[in-house]
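Trainee: I'd like to ask some things about the structure below.
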Amino acid sequence: MSESTFSILITTRNRKRDLSFTLGKIQNLLNRKEVVCIICDDGSTDGTSEFLKKEYPQIQLIQNPESKGLIYSRNRLLGLTKSDFAISLDDDAHFVTNNSLESIREYFENHPNCGLIALRIFWGLGEPKETVSNEKSNQVQGFVGCGHVWRMKAWRDIPNYPAWFVFMEKKNLRPINYLKRIGKFIIFLKYWFITGWM
């Protein structure tokens, strides 16, 4: 097992306010010894990097001098990850349930053929009334970029999203065909994940 069990990976570009809100919401996770956080500032001009260096010196910051895009940035982050599991978040997304890391670890341990967990998403400005679903986890055909978790052993078999990859593209299933090649399962967990706007 690696030094840290979980890496929280966030890409951002000119959304310092959203990122600040998100980091505040996941501070309890960032304080855990088994968690590292890596943020890719994709060419921001709003002071994002300076904010992170001052307010969150414990976060590993990487920067693209000019914007290279989401896929390029996510590939960079995943390439740097040494943890067992990589949680990919958008800069405006955070967990709303307790014990999210324990649930992730437990699911991967109980499902050794699972390579990626597609987290259940709640879209809205406020917190949901219910944060637990009774629905069973199942295999899905796609996943959104704002909330998913890679078993890094599976990621290293790929090892990058191709430049044409688009998260949750409805009309074109190239992403799911790409993931099918590695023979891993994509599933939903029974807990909510939230994206929020300020």
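Within each chain, counting starts at residue 1; across the structure tokens, chains are named A, B, ... in the order shown, with ligands numbered 1 upward in that order.
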Write out as a PDB file with N, CA, C and O atoms, in the first residue's frame all residues of region 39-148 of chain A that backbone DSSP assigns to helix (DSSP H, G or I).

Mentor:
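The resulting result.pdb:
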```
ATOM      1  N   THR A  48      -5.689  32.391  -8.298  1.00  0.00           N
ATOM      2  CA  THR A  48      -5.937  31.075  -7.703  1.00  0.00           C
ATOM      3  C   THR A  48      -4.679  30.472  -7.100  1.00  0.00           C
ATOM      4  O   THR A  48      -4.687  30.016  -5.944  1.00  0.00           O
ATOM      5  N   SER A  49      -3.593  30.464  -7.843  1.00  0.00           N
ATOM      6  CA  SER A  49      -2.356  29.847  -7.335  1.00  0.00           C
ATOM      7  C   SER A  49      -1.842  30.559  -6.094  1.00  0.00           C
ATOM      8  O   SER A  49      -1.435  29.915  -5.122  1.00  0.00           O
ATOM      9  N   GLU A  50      -1.881  31.869  -6.102  1.00  0.00           N
ATOM     10  CA  GLU A  50      -1.421  32.646  -4.946  1.00  0.00           C
ATOM     11  C   GLU A  50      -2.289  32.356  -3.729  1.00  0.00           C
ATOM     12  O   GLU A  50      -1.791  32.195  -2.617  1.00  0.00           O
ATOM     13  N   PHE A  51      -3.601  32.255  -3.939  1.00  0.00           N
ATOM     14  CA  PHE A  51      -4.539  31.916  -2.869  1.00  0.00           C
ATOM     15  C   PHE A  51      -4.187  30.557  -2.264  1.00  0.00           C
ATOM     16  O   PHE A  51      -4.119  30.398  -1.044  1.00  0.00           O
ATOM     17  N   LEU A  52      -3.952  29.566  -3.120  1.00  0.00           N
ATOM     18  CA  LEU A  52      -3.632  28.217  -2.624  1.00  0.00           C
ATOM     19  C   LEU A  52      -2.317  28.185  -1.863  1.00  0.00           C
ATOM     20  O   LEU A  52      -2.221  27.552  -0.815  1.00  0.00           O
ATOM     21  N   LYS A  53      -1.315  28.857  -2.375  1.00  0.00           N
ATOM     22  CA  LYS A  53      -0.009  28.876  -1.700  1.00  0.00           C
ATOM     23  C   LYS A  53      -0.118  29.504  -0.312  1.00  0.00           C
ATOM     24  O   LYS A  53       0.527  29.055   0.636  1.00  0.00           O
ATOM     25  N   LYS A  54      -0.942  30.528  -0.191  1.00  0.00           N
ATOM     26  CA  LYS A  54      -1.086  31.232   1.089  1.00  0.00           C
ATOM     27  C   LYS A  54      -1.999  30.492   2.062  1.00  0.00           C
ATOM     28  O   LYS A  54      -1.653  30.306   3.226  1.00  0.00           O
ATOM     29  N   GLU A  55      -3.164  30.065   1.590  1.00  0.00           N
ATOM     30  CA  GLU A  55      -4.182  29.493   2.483  1.00  0.00           C
ATOM     31  C   GLU A  55      -4.077  27.978   2.663  1.00  0.00           C
ATOM     32  O   GLU A  55      -4.549  27.446   3.654  1.00  0.00           O
ATOM     33  N   LEU A  70      -9.231  20.546 -19.516  1.00  0.00           N
ATOM     34  CA  LEU A  70      -9.593  19.628 -18.435  1.00  0.00           C
ATOM     35  C   LEU A  70      -8.928  18.255 -18.571  1.00  0.00           C
ATOM     36  O   LEU A  70      -8.376  17.727 -17.611  1.00  0.00           O
ATOM     37  N   ILE A  71      -8.979  17.665 -19.752  1.00  0.00           N
ATOM     38  CA  ILE A  71      -8.436  16.315 -19.924  1.00  0.00           C
ATOM     39  C   ILE A  71      -6.930  16.304 -19.699  1.00  0.00           C
ATOM     40  O   ILE A  71      -6.398  15.449 -18.982  1.00  0.00           O
ATOM     41  N   TYR A  72      -6.234  17.262 -20.276  1.00  0.00           N
ATOM     42  CA  TYR A  72      -4.789  17.376 -20.076  1.00  0.00           C
ATOM     43  C   TYR A  72      -4.477  17.506 -18.581  1.00  0.00           C
ATOM     44  O   TYR A  72      -3.590  16.831 -18.056  1.00  0.00           O
ATOM     45  N   SER A  73      -5.211  18.363 -17.901  1.00  0.00           N
ATOM     46  CA  SER A  73      -4.971  18.603 -16.472  1.00  0.00           C
ATOM     47  C   SER A  73      -5.278  17.380 -15.629  1.00  0.00           C
ATOM     48  O   SER A  73      -4.533  17.043 -14.706  1.00  0.00           O
ATOM     49  N   ARG A  74      -6.369  16.679 -15.941  1.00  0.00           N
ATOM     50  CA  ARG A  74      -6.696  15.465 -15.185  1.00  0.00           C
ATOM     51  C   ARG A  74      -5.645  14.391 -15.417  1.00  0.00           C
ATOM     52  O   ARG A  74      -5.269  13.665 -14.491  1.00  0.00           O
ATOM     53  N   ASN A  75      -5.165  14.272 -16.635  1.00  0.00           N
ATOM     54  CA  ASN A  75      -4.095  13.299 -16.901  1.00  0.00           C
ATOM     55  C   ASN A  75      -2.847  13.636 -16.094  1.00  0.00           C
ATOM     56  O   ASN A  75      -2.190  12.740 -15.551  1.00  0.00           O
ATOM     57  N   ARG A  76      -2.491  14.913 -16.012  1.00  0.00           N
ATOM     58  CA  ARG A  76      -1.327  15.317 -15.215  1.00  0.00           C
ATOM     59  C   ARG A  76      -1.516  14.918 -13.754  1.00  0.00           C
ATOM     60  O   ARG A  76      -0.602  14.378 -13.126  1.00  0.00           O
ATOM     61  N   LEU A  77      -2.683  15.216 -13.213  1.00  0.00           N
ATOM     62  CA  LEU A  77      -2.954  14.896 -11.809  1.00  0.00           C
ATOM     63  C   LEU A  77      -2.874  13.392 -11.565  1.00  0.00           C
ATOM     64  O   LEU A  77      -2.245  12.939 -10.603  1.00  0.00           O
ATOM     65  N   LEU A  78      -3.525  12.622 -12.414  1.00  0.00           N
ATOM     66  CA  LEU A  78      -3.513  11.170 -12.233  1.00  0.00           C
ATOM     67  C   LEU A  78      -2.103  10.608 -12.408  1.00  0.00           C
ATOM     68  O   LEU A  78      -1.728   9.650 -11.724  1.00  0.00           O
ATOM     69  N   GLY A  79      -1.318  11.213 -13.275  1.00  0.00           N
ATOM     70  CA  GLY A  79       0.057  10.771 -13.458  1.00  0.00           C
ATOM     71  C   GLY A  79       0.930  11.001 -12.236  1.00  0.00           C
ATOM     72  O   GLY A  79       1.920  10.292 -12.019  1.00  0.00           O
ATOM     73  N   LEU A  80       0.578  11.980 -11.423  1.00  0.00           N
ATOM     74  CA  LEU A  80       1.337  12.286 -10.206  1.00  0.00           C
ATOM     75  C   LEU A  80       0.887  11.478  -8.991  1.00  0.00           C
ATOM     76  O   LEU A  80       1.557  11.466  -7.964  1.00  0.00           O
ATOM     77  N   SER A 100     -17.406   9.006   3.737  1.00  0.00           N
ATOM     78  CA  SER A 100     -17.293   8.772   2.299  1.00  0.00           C
ATOM     79  C   SER A 100     -16.031   7.986   1.957  1.00  0.00           C
ATOM     80  O   SER A 100     -16.074   7.074   1.121  1.00  0.00           O
ATOM     81  N   LEU A 101     -14.905   8.286   2.599  1.00  0.00           N
ATOM     82  CA  LEU A 101     -13.669   7.560   2.294  1.00  0.00           C
ATOM     83  C   LEU A 101     -13.764   6.095   2.715  1.00  0.00           C
ATOM     84  O   LEU A 101     -13.308   5.205   1.998  1.00  0.00           O
ATOM     85  N   GLU A 102     -14.377   5.857   3.849  1.00  0.00           N
ATOM     86  CA  GLU A 102     -14.546   4.484   4.312  1.00  0.00           C
ATOM     87  C   GLU A 102     -15.438   3.700   3.351  1.00  0.00           C
ATOM     88  O   GLU A 102     -15.176   2.525   3.066  1.00  0.00           O
ATOM     89  N   SER A 103     -16.486   4.349   2.846  1.00  0.00           N
ATOM     90  CA  SER A 103     -17.385   3.689   1.889  1.00  0.00           C
ATOM     91  C   SER A 103     -16.664   3.358   0.595  1.00  0.00           C
ATOM     92  O   SER A 103     -16.862   2.294   0.018  1.00  0.00           O
ATOM     93  N   ILE A 104     -15.833   4.281   0.128  1.00  0.00           N
ATOM     94  CA  ILE A 104     -15.059   4.052  -1.098  1.00  0.00           C
ATOM     95  C   ILE A 104     -14.104   2.871  -0.906  1.00  0.00           C
ATOM     96  O   ILE A 104     -14.061   1.948  -1.717  1.00  0.00           O
ATOM     97  N   ARG A 105     -13.345   2.913   0.175  1.00  0.00           N
ATOM     98  CA  ARG A 105     -12.385   1.836   0.441  1.00  0.00           C
ATOM     99  C   ARG A 105     -13.098   0.493   0.552  1.00  0.00           C
ATOM    100  O   ARG A 105     -12.666  -0.502  -0.024  1.00  0.00           O
ATOM    101  N   GLU A 106     -14.188   0.458   1.300  1.00  0.00           N
ATOM    102  CA  GLU A 106     -14.933  -0.783   1.492  1.00  0.00           C
ATOM    103  C   GLU A 106     -15.449  -1.331   0.165  1.00  0.00           C
ATOM    104  O   GLU A 106     -15.370  -2.535  -0.095  1.00  0.00           O
ATOM    105  N   TYR A 107     -15.966  -0.449  -0.689  1.00  0.00           N
ATOM    106  CA  TYR A 107     -16.491  -0.938  -1.960  1.00  0.00           C
ATOM    107  C   TYR A 107     -15.377  -1.545  -2.811  1.00  0.00           C
ATOM    108  O   TYR A 107     -15.529  -2.640  -3.367  1.00  0.00           O
ATOM    109  N   PHE A 108     -14.266  -0.852  -2.925  1.00  0.00           N
ATOM    110  CA  PHE A 108     -13.155  -1.386  -3.710  1.00  0.00           C
ATOM    111  C   PHE A 108     -12.642  -2.702  -3.121  1.00  0.00           C
ATOM    112  O   PHE A 108     -12.316  -3.633  -3.862  1.00  0.00           O
ATOM    113  N   GLU A 109     -12.559  -2.807  -1.805  1.00  0.00           N
ATOM    114  CA  GLU A 109     -12.077  -4.046  -1.177  1.00  0.00           C
ATOM    115  C   GLU A 109     -13.023  -5.207  -1.444  1.00  0.00           C
ATOM    116  O   GLU A 109     -12.589  -6.337  -1.654  1.00  0.00           O
ATOM    117  N   ASN A 110     -14.326  -4.933  -1.440  1.00  0.00           N
ATOM    118  CA  ASN A 110     -15.323  -5.984  -1.656  1.00  0.00           C
ATOM    119  C   ASN A 110     -15.563  -6.294  -3.127  1.00  0.00           C
ATOM    120  O   ASN A 110     -16.241  -7.275  -3.439  1.00  0.00           O
TER     121      ASN A 110
END
```

Trainee: Taking 2 positions as the minimum chain separation for residues in the same chain, which residues sit within 12 Å of Asp84 (chain A) when counting only C-alpha atoms? Answer as a VMD selection string.

Mentor: chain A and resid 1 to 8 34 to 36 78 81 to 82 86 to 87 101 104 to 105 108 to 109 115 to 116 149 to 156

Trainee: Just give me the gap between CA of Arg120 (chain A) and CA of Asn28 (chain A) in Å, one decimal is fine.

Mentor: 20.4 Å

Trainee: Run DSSP on the backbone and grab whatever in region 12-197 of chain A lands in strand (DSSP E or B); send it over as a PyMOL selection string.

Mentor: chain A and resi 12+35-42+60-64+85-90+93-95+114-123+132+139+147-151+185-195

Trainee: From the list A:Asp18, A:Thr12, A:Gly126, A:Asp157, which residue is nearest Leu61 (chain A) when using only C-alpha atoms?

Mentor: A:Thr12

Trainee: If we count only C-alpha atoms and set the cut-off at 7 Å, which residues sit around Arg13 (chain A), ignoring sequence neighbours fewer than 4 positions away in its own chain? Please answer as a list of chain:residue names.

Mentor: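 After dropping sequence-adjacent residues, the list is A:Asp41, A:Asp42, A:Gly43, A:Ser44.
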
Trainee: Can I get the selection written as a PDB file, in the first residue's frame, with N, CA and C atoms?

Mentor:
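Result file is part.pdb:
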```pdb
ATOM      1  N   ASP A  41      -3.843  24.098 -11.350  1.00  0.00           N
ATOM      2  CA  ASP A  41      -4.330  25.406 -11.787  1.00  0.00           C
ATOM      3  C   ASP A  41      -4.055  25.499 -13.279  1.00  0.00           C
ATOM      4  N   ASP A  42      -5.111  25.453 -14.049  1.00  0.00           N
ATOM      5  CA  ASP A  42      -5.008  25.403 -15.506  1.00  0.00           C
ATOM      6  C   ASP A  42      -4.962  26.808 -16.114  1.00  0.00           C
ATOM      7  N   GLY A  43      -3.890  27.533 -15.804  1.00  0.00           N
ATOM      8  CA  GLY A  43      -3.680  28.847 -16.405  1.00  0.00           C
ATOM      9  C   GLY A  43      -4.560  29.949 -15.862  1.00  0.00           C
ATOM     10  N   SER A  44      -4.947  29.871 -14.590  1.00  0.00           N
ATOM     11  CA  SER A  44      -5.804  30.912 -14.007  1.00  0.00           C
ATOM     12  C   SER A  44      -5.117  32.267 -13.992  1.00  0.00           C
TER      13      SER A  44
END
```

Trainee: Considering only C-alpha atoms, state which residue in the set A:Thr22, A:Asn160, A:Asn14, A:Ser133 is at the smallest distance from Asp91 (chain A).

Mentor: A:Thr22

Trainee: Using only C-alpha atoms, find the one residue out of A:Ile117, A:Cys37, A:Leu9, A:Ala163 that sits nearest to Gln60 (chain A).

Mentor: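 Residue with the minimum atom-to-atom distance to Gln60 (chain A): A:Cys37.
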
Trainee: Mind pulling up the distance from CA of Cys114 (chain A) to CA of Leu29 (chain A)?

Mentor: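 For CA of Leu29 (chain A) relative to CA of Cys114 (chain A), the distance reads 23.2 Å.
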
Trainee: Give me, please, the distance in Å between CA of Glu66 (chain A) and CA of Ile26 (chain A), quoted to one decimal.

Mentor: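 Atom-to-atom, CA of Glu66 (chain A) to CA of Ile26 (chain A), that is 27.3 Å.
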
Trainee: Which residue is closest to Asn31 (chain A)? Choose from A:Val132, A:Ile59, A:Leu19, A:Leu89 and count only C-alpha atoms.

Mentor: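 Smallest distance to Asn31 (chain A) is found for A:Ile59.
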
Trainee: Kindly indicate which residue among A:Cys146, A:Tyr161, A:Thr11, A:Thr97 lies nearest to Glu130 (chain A), using only C-alpha atoms for the distances.

Mentor: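 Among the listed residues, A:Thr97 lies closest to Glu130 (chain A).
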